[in-house]
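Engineer: See input37.cif below, with mmCIF, C-alpha atoms.
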data_model
#
loop_
_atom_site.group_PDB
_atom_site.id
_atom_site.type_symbol
_atom_site.label_atom_id
_atom_site.label_comp_id
_atom_site.auth_asym_id
_atom_site.auth_seq_id
_atom_site.Cartn_x
_atom_site.Cartn_y
_atom_site.Cartn_z
ATOM 1 C CA MET A 1 0.000 0.000 0.000
ATOM 2 C CA ARG A 2 2.765 2.431 0.910
ATOM 3 C CA ARG A 3 4.594 1.650 -2.343
ATOM 4 C CA ASP A 4 1.411 2.292 -4.326
ATOM 5 C CA ARG A 5 0.927 5.631 -2.592
ATOM 6 C CA LYS A 6 4.543 6.606 -3.335
ATOM 7 C CA ASN A 7 4.161 5.623 -6.970
ATOM 8 C CA ARG A 8 0.970 7.675 -7.286
ATOM 9 C CA ARG A 9 2.688 10.719 -5.758
ATOM 10 C CA LYS A 10 5.608 10.356 -8.182
ATOM 11 C CA ARG A 11 3.211 10.144 -11.124
ATOM 12 C CA GLN A 12 1.362 13.272 -9.952
ATOM 13 C CA ARG A 13 4.631 15.166 -9.556
ATOM 14 C CA THR A 14 5.893 14.161 -12.989
ATOM 15 C CA SER A 15 2.542 15.052 -14.616
ATOM 16 C CA ILE A 16 2.519 18.484 -12.930
ATOM 17 C CA ALA A 17 6.139 19.076 -13.977
ATOM 18 C CA ASN A 18 5.369 18.043 -17.558
ATOM 19 C CA SER A 19 2.327 20.317 -17.721
ATOM 20 C CA GLY A 20 4.387 23.212 -16.350
ATOM 21 C CA SER A 21 7.111 22.615 -18.939
ATOM 22 C CA ARG A 22 4.476 22.461 -21.675
ATOM 23 C CA SER A 23 2.928 25.729 -20.510
ATOM 24 C CA ARG A 24 6.361 27.361 -20.424
ATOM 25 C CA ARG A 25 7.109 26.058 -23.916
ATOM 26 C CA GLY A 26 3.776 27.415 -25.181
ATOM 27 C CA SER A 27 4.420 30.817 -23.625
ATOM 28 C CA ASN A 28 7.933 30.817 -25.107
ATOM 29 C CA LYS A 29 6.503 30.004 -28.514
ATOM 30 C CA ARG A 30 3.938 32.762 -28.219
ATOM 31 C CA HIS A 31 6.651 35.151 -27.090
ATOM 32 C CA LYS A 32 8.903 34.098 -29.953
ATOM 33 C CA SER A 33 6.113 34.447 -32.515
ATOM 34 C CA GLY A 34 5.239 37.916 -31.195
ATOM 35 C CA LEU A 35 8.883 38.932 -31.290
ATOM 36 C CA TRP A 36 9.229 37.545 -34.822
ATOM 37 C CA ASP A 37 6.187 39.491 -36.008
ATOM 38 C CA SER A 38 7.573 42.705 -34.557
ATOM 39 C CA ILE A 39 10.928 42.053 -36.238
ATOM 40 C CA LYS A 40 9.201 41.491 -39.588
ATOM 41 C CA SER A 41 7.144 44.680 -39.285
ATOM 42 C CA ALA A 42 10.268 46.642 -38.330
ATOM 43 C CA ASN A 43 12.075 45.153 -41.324
ATOM 44 C CA THR A 44 9.219 46.182 -43.628
ATOM 45 C CA ARG A 45 9.266 49.755 -42.321
ATOM 46 C CA ALA A 46 13.049 49.877 -42.718
ATOM 47 C CA HIS A 47 12.756 48.733 -46.342
ATOM 48 C CA GLN A 48 10.119 51.397 -46.999
ATOM 49 C CA ARG A 49 12.294 54.109 -45.514
ATOM 50 C CA SER A 50 15.406 52.934 -47.355
ATOM 51 C CA ASN A 51 13.494 52.817 -50.637
ATOM 52 C CA ALA A 52 12.193 56.334 -50.021
ATOM 53 C CA ARG A 53 15.716 57.556 -49.316
ATOM 54 C CA SER A 54 17.031 55.802 -52.435
ATOM 55 C CA TRP A 55 14.437 57.684 -54.497
ATOM 56 C CA LYS A 56 15.656 60.934 -52.915
ATOM 57 C CA ARG A 57 19.302 60.071 -53.621
ATOM 58 C CA ARG A 58 18.384 59.665 -57.286
ATOM 59 C CA GLY A 59 16.579 63.012 -57.235
ATOM 60 C CA LEU A 60 13.126 61.377 -57.218
ATOM 61 C CA THR A 61 10.077 61.813 -55.038
ATOM 62 C CA SER A 62 6.822 59.936 -54.542
ATOM 63 C CA VAL A 63 3.162 60.892 -54.393
ATOM 64 C CA LYS A 64 1.186 58.400 -52.390
ATOM 65 C CA ALA A 65 -2.366 57.423 -51.445
ATOM 66 C CA ALA A 66 -2.419 55.711 -48.046
ATOM 67 C CA ILE A 67 -5.354 53.702 -46.708
ATOM 68 C CA SER A 68 -3.976 52.894 -43.254
ATOM 69 C CA SER A 69 -2.845 55.537 -40.798
ATOM 70 C CA ASP A 70 0.594 53.902 -40.281
ATOM 71 C CA ASN A 71 2.604 55.944 -42.772
ATOM 72 C CA ILE A 72 6.185 56.978 -43.216
ATOM 73 C CA THR A 73 6.889 60.363 -41.608
ATOM 74 C CA ASP A 74 9.449 61.501 -44.217
ATOM 75 C CA TYR A 75 6.853 63.802 -45.802
ATOM 76 C CA GLN A 76 6.885 66.392 -43.005
ATOM 77 C CA LEU A 77 7.649 69.995 -44.009
ATOM 78 C CA SER A 78 10.298 72.069 -42.291
ATOM 79 C CA THR A 79 9.051 74.424 -39.588
ATOM 80 C CA THR A 80 9.606 77.547 -41.710
ATOM 81 C CA ASN A 81 7.746 76.192 -44.740
ATOM 82 C CA LEU A 82 4.963 74.884 -42.514
ATOM 83 C CA ILE A 83 4.453 78.330 -40.928
ATOM 84 C CA ILE A 84 4.478 80.090 -44.312
ATOM 85 C CA ARG A 85 1.969 77.699 -45.859
ATOM 86 C CA SER A 86 -0.249 77.820 -42.787
ATOM 87 C CA LEU A 87 -0.387 81.619 -43.119
ATOM 88 C CA ILE A 88 -1.278 81.272 -46.810
ATOM 89 C CA GLY A 89 -3.978 78.783 -45.796
ATOM 90 C CA LEU A 90 -5.422 81.353 -43.391
ATOM 91 C CA ILE A 91 -5.534 83.929 -46.208
ATOM 92 C CA LEU A 92 -7.250 81.400 -48.486
ATOM 93 C CA LEU A 93 -10.089 81.020 -45.986
ATOM 94 C CA PHE A 94 -11.495 84.316 -47.291
ATOM 95 C CA PRO A 95 -11.903 83.177 -50.941
ATOM 96 C CA CYS A 96 -13.230 79.843 -49.627
ATOM 97 C CA PHE A 97 -15.948 81.750 -47.758
ATOM 98 C CA ILE A 98 -16.729 83.994 -50.753
ATOM 99 C CA SER A 99 -16.909 81.027 -53.147
ATOM 100 C CA THR A 100 -19.354 79.215 -50.867
ATOM 101 C CA ILE A 101 -21.635 82.260 -50.399
ATOM 102 C CA ALA A 102 -21.550 83.017 -54.146
ATOM 103 C CA LEU A 103 -22.686 79.459 -54.811
ATOM 104 C CA PHE A 104 -25.960 80.119 -52.968
ATOM 105 C CA ASP A 105 -26.363 83.731 -54.211
ATOM 106 C CA ILE A 106 -25.604 82.930 -57.828
ATOM 107 C CA GLY A 107 -29.144 83.874 -58.927
ATOM 108 C CA ASN A 108 -28.757 87.500 -57.800
ATOM 109 C CA THR A 109 -26.924 88.455 -60.987
ATOM 110 C CA SER A 110 -29.983 87.921 -63.201
ATOM 111 C CA GLY A 111 -32.801 88.376 -60.695
ATOM 112 C CA LEU A 112 -33.454 84.639 -60.288
ATOM 113 C CA GLN A 113 -32.810 84.405 -56.553
ATOM 114 C CA THR A 114 -36.451 83.593 -55.737
ATOM 115 C CA ASN A 115 -36.909 80.794 -58.236
ATOM 116 C CA TYR A 116 -33.405 79.706 -59.231
ATOM 117 C CA TRP A 117 -33.251 76.525 -57.138
ATOM 118 C CA SER A 118 -36.887 75.632 -57.801
ATOM 119 C CA SER A 119 -36.359 76.038 -61.554
ATOM 120 C CA LEU A 120 -33.132 74.038 -61.361
ATOM 121 C CA ILE A 121 -34.923 71.067 -59.774
ATOM 122 C CA LYS A 122 -37.387 70.975 -62.677
ATOM 123 C CA ILE A 123 -34.640 70.525 -65.285
ATOM 124 C CA PRO A 124 -34.418 66.828 -66.380
ATOM 125 C CA GLU A 125 -30.613 66.885 -66.635
ATOM 126 C CA PHE A 126 -30.299 68.094 -63.050
ATOM 127 C CA GLN A 127 -32.831 65.497 -61.893
ATOM 128 C CA PHE A 128 -30.810 62.661 -63.445
ATOM 129 C CA PHE A 129 -27.643 64.135 -61.935
ATOM 130 C CA CYS A 130 -29.297 64.017 -58.489
ATOM 131 C CA ILE A 131 -30.460 60.431 -59.088
ATOM 132 C CA GLY A 132 -26.862 59.431 -59.764
ATOM 133 C CA VAL A 133 -25.765 61.240 -56.594
ATOM 134 C CA PHE A 134 -28.299 59.468 -54.364
ATOM 135 C CA LEU A 135 -27.654 56.060 -55.935
ATOM 136 C CA MET A 136 -23.933 56.356 -55.311
ATOM 137 C CA LEU A 137 -24.448 57.613 -51.752
ATOM 138 C CA GLY A 138 -26.734 54.656 -51.064
ATOM 139 C CA TRP A 139 -24.130 52.222 -52.357
ATOM 140 C CA PHE A 140 -21.294 53.933 -50.445
ATOM 141 C CA PHE A 141 -23.025 53.709 -47.073
ATOM 142 C CA SER A 142 -24.217 50.153 -47.760
ATOM 143 C CA GLY A 143 -20.604 48.938 -48.061
ATOM 144 C CA LEU A 144 -21.273 46.595 -51.015
ATOM 145 C CA ALA A 145 -18.091 45.579 -52.909
ATOM 146 C CA ARG A 146 -16.189 48.150 -50.848
ATOM 147 C CA SER A 147 -12.718 46.689 -51.427
ATOM 148 C CA PHE A 148 -13.199 46.575 -55.217
ATOM 149 C CA PHE A 149 -14.428 50.158 -55.508
ATOM 150 C CA LEU A 150 -11.726 51.346 -53.119
ATOM 151 C CA TYR A 151 -9.190 49.833 -55.510
ATOM 152 C CA ILE A 152 -10.889 51.670 -58.406
ATOM 153 C CA TYR A 153 -10.685 54.952 -56.500
ATOM 154 C CA VAL A 154 -6.990 54.491 -55.644
ATOM 155 C CA LEU A 155 -6.299 53.609 -59.291
ATOM 156 C CA GLY A 156 -7.961 56.839 -60.449
ATOM 157 C CA HIS A 157 -6.109 58.731 -57.722
ATOM 158 C CA GLU A 158 -2.700 57.536 -58.894
ATOM 159 C CA LEU A 159 -3.565 57.950 -62.591
ATOM 160 C CA THR A 160 -4.440 61.582 -61.858
ATOM 161 C CA HIS A 161 -1.022 61.998 -60.231
ATOM 162 C CA ALA A 162 0.614 60.472 -63.299
ATOM 163 C CA PHE A 163 -1.373 62.658 -65.737
ATOM 164 C CA PHE A 164 -0.375 65.893 -63.999
ATOM 165 C CA ILE A 165 3.224 64.715 -63.691
ATOM 166 C CA TYR A 166 3.406 64.404 -67.482
ATOM 167 C CA LEU A 167 1.456 67.662 -67.873
ATOM 168 C CA CYS A 168 4.048 69.485 -65.743
ATOM 169 C CA GLY A 169 6.942 68.000 -67.714
ATOM 170 C CA GLY A 170 7.922 65.262 -65.254
ATOM 171 C CA LYS A 171 8.543 61.549 -65.668
ATOM 172 C CA VAL A 172 7.060 58.517 -63.925
ATOM 173 C CA SER A 173 9.641 55.883 -62.989
ATOM 174 C CA GLU A 174 7.372 53.620 -60.923
ATOM 175 C CA PHE A 175 3.606 53.179 -60.623
ATOM 176 C CA LYS A 176 1.891 50.818 -58.195
ATOM 177 C CA VAL A 177 -1.662 50.279 -56.927
ATOM 178 C CA THR A 178 -2.591 47.629 -54.349
ATOM 179 C CA LYS A 179 -5.401 46.939 -51.884
ATOM 180 C CA ASP A 180 -3.377 48.832 -49.252
ATOM 181 C CA GLY A 181 -2.956 52.005 -51.319
ATOM 182 C CA GLY A 182 -0.752 53.169 -54.152
ATOM 183 C CA PHE A 183 2.131 55.430 -55.092
ATOM 184 C CA VAL A 184 3.842 57.040 -58.061
ATOM 185 C CA VAL A 185 7.610 57.646 -58.114
ATOM 186 C CA THR A 186 8.552 60.698 -60.153
ATOM 187 C CA ASN A 187 11.371 63.182 -60.677
ATOM 188 C CA LYS A 188 9.050 66.162 -60.144
ATOM 189 C CA SER A 189 6.433 67.183 -57.608
ATOM 190 C CA ASN A 190 4.527 70.373 -56.897
ATOM 191 C CA ILE A 191 1.247 71.491 -55.346
ATOM 192 C CA LEU A 192 -0.773 70.685 -58.484
ATOM 193 C CA ILE A 193 0.699 67.188 -58.814
ATOM 194 C CA ALA A 194 0.262 66.367 -55.119
ATOM 195 C CA LEU A 195 -3.274 67.717 -54.632
ATOM 196 C CA SER A 196 -4.931 67.273 -58.046
ATOM 197 C CA PRO A 197 -6.522 63.856 -57.234
ATOM 198 C CA TYR A 198 -8.485 65.471 -54.405
ATOM 199 C CA PHE A 199 -10.363 67.910 -56.659
ATOM 200 C CA VAL A 200 -10.114 66.416 -60.160
ATOM 201 C CA PRO A 201 -12.769 63.672 -60.624
ATOM 202 C CA PHE A 202 -10.769 61.326 -62.860
ATOM 203 C CA TRP A 203 -13.563 58.868 -63.654
ATOM 204 C CA SER A 204 -16.069 61.673 -64.357
ATOM 205 C CA LEU A 205 -13.692 63.211 -66.886
ATOM 206 C CA LEU A 206 -13.087 59.786 -68.415
ATOM 207 C CA LEU A 207 -16.855 59.214 -68.794
ATOM 208 C CA LEU A 208 -17.224 62.669 -70.318
ATOM 209 C CA GLY A 209 -14.514 61.868 -72.873
ATOM 210 C CA VAL A 210 -16.146 58.534 -73.740
ATOM 211 C CA SER A 211 -19.490 60.323 -74.153
ATOM 212 C CA ILE A 212 -17.977 62.856 -76.568
ATOM 213 C CA ILE A 213 -16.453 60.054 -78.647
ATOM 214 C CA LEU A 214 -19.703 58.046 -78.706
ATOM 215 C CA ARG A 215 -21.663 61.117 -79.776
ATOM 216 C CA ASN A 216 -19.705 61.178 -83.049
ATOM 217 C CA PHE A 217 -20.938 57.654 -83.875
ATOM 218 C CA TRP A 218 -24.323 57.452 -82.160
ATOM 219 C CA ASP A 219 -26.428 60.158 -80.562
ATOM 220 C CA GLY A 220 -29.348 58.389 -78.896
ATOM 221 C CA PRO A 221 -32.442 60.118 -77.519
ATOM 222 C CA TYR A 222 -31.367 59.641 -73.898
ATOM 223 C CA HIS A 223 -27.657 60.243 -74.359
ATOM 224 C CA ASP A 224 -27.545 63.516 -72.366
ATOM 225 C CA LEU A 225 -29.685 62.137 -69.532
ATOM 226 C CA ALA A 226 -27.484 59.048 -69.233
ATOM 227 C CA LEU A 227 -24.416 61.296 -69.213
ATOM 228 C CA TYR A 228 -25.761 63.430 -66.350
ATOM 229 C CA LEU A 229 -26.701 60.275 -64.426
ATOM 230 C CA THR A 230 -23.212 58.781 -64.735
ATOM 231 C CA ILE A 231 -21.516 62.131 -64.038
ATOM 232 C CA GLY A 232 -23.570 62.531 -60.858
ATOM 233 C CA ALA A 233 -22.692 58.995 -59.716
ATOM 234 C CA SER A 234 -18.990 59.225 -60.618
ATOM 235 C CA TRP A 235 -18.534 62.695 -59.095
ATOM 236 C CA THR A 236 -20.194 61.508 -55.860
ATOM 237 C CA PHE A 237 -17.956 58.406 -55.953
ATOM 238 C CA HIS A 238 -14.916 60.693 -56.178
ATOM 239 C CA LEU A 239 -16.117 63.068 -53.455
ATOM 240 C CA ALA A 240 -17.207 60.334 -51.015
ATOM 241 C CA TRP A 241 -13.946 58.399 -51.216
ATOM 242 C CA THR A 242 -11.922 61.625 -51.049
ATOM 243 C CA LEU A 243 -13.644 62.545 -47.785
ATOM 244 C CA TRP A 244 -13.026 58.973 -46.586
ATOM 245 C CA MET A 245 -9.316 59.118 -47.464
ATOM 246 C CA ILE A 246 -8.398 62.583 -46.140
ATOM 247 C CA PRO A 247 -8.558 61.731 -42.389
ATOM 248 C CA ARG A 248 -6.214 58.767 -42.926
ATOM 249 C CA ASP A 249 -2.987 60.780 -42.635
ATOM 250 C CA GLN A 250 -2.282 61.241 -46.349
ATOM 251 C CA PRO A 251 1.369 61.893 -47.335
ATOM 252 C CA ASP A 252 0.129 64.080 -50.226
ATOM 253 C CA LEU A 253 -1.316 66.532 -47.700
ATOM 254 C CA LYS A 254 1.736 66.442 -45.427
ATOM 255 C CA GLU A 255 4.007 67.265 -48.354
ATOM 256 C CA ASN A 256 2.515 70.767 -48.621
ATOM 257 C CA GLY A 257 1.118 71.202 -45.104
ATOM 258 C CA SER A 258 -2.217 69.658 -44.142
ATOM 259 C CA PHE A 259 -4.055 72.923 -43.376
ATOM 260 C CA PHE A 260 -2.847 74.627 -46.568
ATOM 261 C CA SER A 261 -3.707 71.532 -48.633
ATOM 262 C CA LEU A 262 -7.229 71.285 -47.194
ATOM 263 C CA THR A 263 -8.002 74.918 -48.047
ATOM 264 C CA ILE A 264 -6.841 74.365 -51.636
ATOM 265 C CA ILE A 265 -8.919 71.175 -51.913
ATOM 266 C CA TYR A 266 -12.057 72.810 -50.501
ATOM 267 C CA LEU A 267 -11.758 75.896 -52.725
ATOM 268 C CA ALA A 268 -11.194 73.816 -55.863
ATOM 269 C CA ASN A 269 -14.157 71.524 -55.144
ATOM 270 C CA VAL A 270 -16.527 74.440 -54.496
ATOM 271 C CA LEU A 271 -15.486 76.079 -57.776
ATOM 272 C CA LEU A 272 -15.972 72.757 -59.572
ATOM 273 C CA LEU A 273 -19.482 72.401 -58.112
ATOM 274 C CA ALA A 274 -20.343 75.963 -59.160
ATOM 275 C CA THR A 275 -19.156 75.212 -62.702
ATOM 276 C CA MET A 276 -21.357 72.107 -62.910
ATOM 277 C CA LEU A 277 -24.395 74.055 -61.646
ATOM 278 C CA CYS A 278 -23.828 76.773 -64.231
ATOM 279 C CA MET A 279 -23.550 74.163 -66.987
ATOM 280 C CA SER A 280 -26.799 72.473 -65.914
ATOM 281 C CA THR A 281 -29.007 75.436 -66.876
ATOM 282 C CA LYS A 282 -29.034 77.923 -69.736
ATOM 283 C CA GLU A 283 -30.333 80.753 -67.530
ATOM 284 C CA LEU A 284 -26.992 81.152 -65.725
ATOM 285 C CA SER A 285 -23.383 80.991 -66.838
ATOM 286 C CA ILE A 286 -19.930 80.907 -65.318
ATOM 287 C CA LYS A 287 -19.741 84.638 -66.079
ATOM 288 C CA ASP A 288 -22.707 85.217 -63.738
ATOM 289 C CA TYR A 289 -20.988 83.294 -60.963
ATOM 290 C CA ALA A 290 -17.739 85.218 -61.473
ATOM 291 C CA TYR A 291 -19.609 88.543 -61.389
ATOM 292 C CA GLN A 292 -21.351 87.588 -58.151
ATOM 293 C CA TRP A 293 -18.037 86.372 -56.701
ATOM 294 C CA VAL A 294 -16.339 89.729 -57.379
ATOM 295 C CA ASN A 295 -19.262 91.693 -55.869
ATOM 296 C CA LEU A 296 -19.292 89.595 -52.685
ATOM 297 C CA CYS A 297 -15.517 89.775 -52.441
ATOM 298 C CA SER A 298 -15.458 93.585 -52.605
ATOM 299 C CA GLU A 299 -18.340 93.980 -50.134
ATOM 300 C CA ASN A 300 -16.903 91.571 -47.578
ATOM 301 C CA ALA A 301 -13.366 92.930 -47.997
ATOM 302 C CA VAL A 302 -14.576 96.427 -47.122
ATOM 303 C CA ALA A 303 -16.464 95.049 -44.101
ATOM 304 C CA LEU A 304 -13.412 93.038 -43.007
ATOM 305 C CA ILE A 305 -11.109 96.060 -43.277
ATOM 306 C CA GLY A 306 -13.541 98.165 -41.247
ATOM 307 C CA TRP A 307 -13.738 95.447 -38.596
ATOM 308 C CA ALA A 308 -9.931 95.262 -38.429
ATOM 309 C CA LYS A 309 -9.602 99.077 -38.076
ATOM 310 C CA SER A 310 -11.922 99.031 -35.065
ATOM 311 C CA PHE A 311 -9.201 97.238 -33.071
ATOM 312 C CA PHE A 312 -6.550 99.894 -33.783
#
Represent the structure contained in this file as structure tokens.

Structural biologist:
Amino acid sequence: MRRDRKNRRKRQRTSIANSGSRSRRGSNKRHKSGLWDSIKSANTRAHQRSNARSWKRRGLTSVKAAISSDNITDYQLSTTNLIIRSLIGLILLFPCFISTIALFDIGNTSGLQTNYWSSLIKIPEFQFFCIGVFLMLGWFFSGLARSFFLYIYVLGHELTHAFFIYLCGGKVSEFKVTKDGGFVVTNKSNILIALSPYFVPFWSLLLLGVSIILRNFWDGPYHDLALYLTIGASWTFHLAWTLWMIPRDQPDLKENGSFFSLTIIYLANVLLLATMLCMSTKELSIKDYAYQWVNLCSENAVALIGWAKSFF
């Protein structure tokens, strides 16, 4: 009996020791796997930074669309340039305000303020444009095929970079688009190249070009209505994904200062919207909007100067 008890105790001790060694081995494995993952991520970031520096050594730069917020910080401006561009951004707030107010007061130039918006809603082209807008908004918030359409947006984003690089006399040495974002490596970069994808609707312009080509071969009865429908959907697609991308720490915005870049993007998009509204009706033109813009600018500038003088 005593021998049996001793044997049982030995078995219990060995089983406890084995379980403890197994638990220690498991924890070591988990620790090793976590350490290995951190080493791999650090290696990836090091490769990204070294590649970026190699581009700079060759006199190249990159314009990039980032989906995640974990980006390389090599795009930060110097303190002096950041202060200068922030001051310019503050000055640009005034034309941003004037452009927005002129958009709603555009009917004042021809006495249509009371019925401009009501008459605009009755125009079939504007109605189909609004249908395209609401259809695209419904899809965007539903989340259907989100990864595919995100890829399409990033592709248009990088193609816009590439187009303006060639337009400004630069060269593209590398072009890449993936599910995690995209980038273009070039020998030239400026404000227009970096910020153009945020206010130039690439797919809307592409659809407009296809429509012009098709019109030479076939001009159907509903061609214009279909064009306004697709333009409304594609422009909303561009605007919705742009608003989705901007908060995700974009290197394109950091390159020129985030505040300065956002003022440029807002001003350009408001002017684009005003142009589309003027083109949707024959009663108003871009000249009317420009005339109203100048009037509001002069009136508010005088009021602003008078307000500033009251403090001195």

Engineer: When you count all atoms listed in the file, which of these residues is closest to Trp203 in chain A: A:Tyr153, A:Tyr289, A:Phe128, A:Phe183?

Structural biologist: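 Between A:Tyr153, A:Tyr289, A:Phe128, A:Phe183, the residue approaching Trp203 in chain A most closely is A:Tyr153.
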
Engineer: Emit as JSON the padded axis-aligned box for all listed atoms of range 95-102 of chain A, 8 Å per side, with centre and edge lengths in Å to one decimal.

Structural biologist:
{"center_x": -16.8, "center_y": 81.6, "center_z": -51.0, "size_x": 25.7, "size_y": 20.8, "size_z": 22.4}

Engineer: For the atom pair CA of Asn190 in chain A and CA of Ser99 in chain A, what is the interatomic distance in Å to one decimal place?

Structural biologist: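 Separation between CA of Asn190 in chain A and CA of Ser99 in chain A: 24.2 Å.
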
Engineer: Residue by residue, what does the PyMOL selection byres ((chain A and resi 133) around 9) grab here? Present the result as a list in words.

Structural biologist: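 Selected by the PyMOL selection byres ((chain A and resi 133) around 9) here: Phe128, Phe129, Cys130, Ile131, Gly132, Phe134, Leu135, Met136, Leu137, Gly138, Leu229, Thr230, Ile231, Gly232, Ala233, Ser234, Trp235, Thr236 and Phe237 of chain A.
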
Engineer: Any chance you can output those residues with C-alpha atoms as a CSV table (one decimal), in the coordinates of the input?

Structural biologist:
chain,number,residue,atom,x,y,z
A,128,PHE,CA,-30.8,62.7,-63.4
A,129,PHE,CA,-27.6,64.1,-61.9
A,130,CYS,CA,-29.3,64.0,-58.5
A,131,ILE,CA,-30.5,60.4,-59.1
A,132,GLY,CA,-26.9,59.4,-59.8
A,134,PHE,CA,-28.3,59.5,-54.4
A,135,LEU,CA,-27.7,56.1,-55.9
A,136,MET,CA,-23.9,56.4,-55.3
A,137,LEU,CA,-24.4,57.6,-51.8
A,138,GLY,CA,-26.7,54.7,-51.1
A,229,LEU,CA,-26.7,60.3,-64.4
A,230,THR,CA,-23.2,58.8,-64.7
A,231,ILE,CA,-21.5,62.1,-64.0
A,232,GLY,CA,-23.6,62.5,-60.9
A,233,ALA,CA,-22.7,59.0,-59.7
A,234,SER,CA,-19.0,59.2,-60.6
A,235,TRP,CA,-18.5,62.7,-59.1
A,236,THR,CA,-20.2,61.5,-55.9
A,237,PHE,CA,-18.0,58.4,-56.0

Engineer: Looking at A:Ala194, A:Ala274, A:Lys171, A:Thr100, which one is nearest to Asp288 in chain A, with distances taken over all atoms listed in the file?

Structural biologist: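 Closest to Asp288 in chain A, using all atoms listed in the file: A:Ala274.
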
Engineer: So that I can check the surroundings of Ser261 in chain A, please list as JSON, numbers by chain every protein, DNA and RNA residue that reaches within 9 Å of it, counting all atoms listed in the file and ignoring chain neighbours fewer than 4 positions away.

Structural biologist: {"A": [85, 89, 191, 195, 252, 253, 254, 255, 256, 257, 265, 266]}

Engineer: Take CA of Leu144 in chain A and CA of Trp244 in chain A and report the distance between them in Å, one decimal.

Structural biologist: 15.5 Å

Engineer: For a quick check of understanding, using all atoms listed in the file, which of A:Glu125, A:Leu277, A:Phe104, A:Ala145 has the smallest distance to His223 in chain A?

Structural biologist: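 Comparing A:Glu125, A:Leu277, A:Phe104, A:Ala145 against His223 in chain A, the winner is A:Glu125.
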
Engineer: For CA of Thr186 in chain A and CA of Val172 in chain A, quote the distance in Å rounded to one decimal.

Structural biologist: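 A separation of 4.6 Å between them.
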
Engineer: My list of candidates is A:Trp293, A:Gly181, A:Ala308, A:Leu271. Which is closest to Gln250 in chain A when distances are computed with only C-alpha atoms?

Structural biologist: A:Gly181
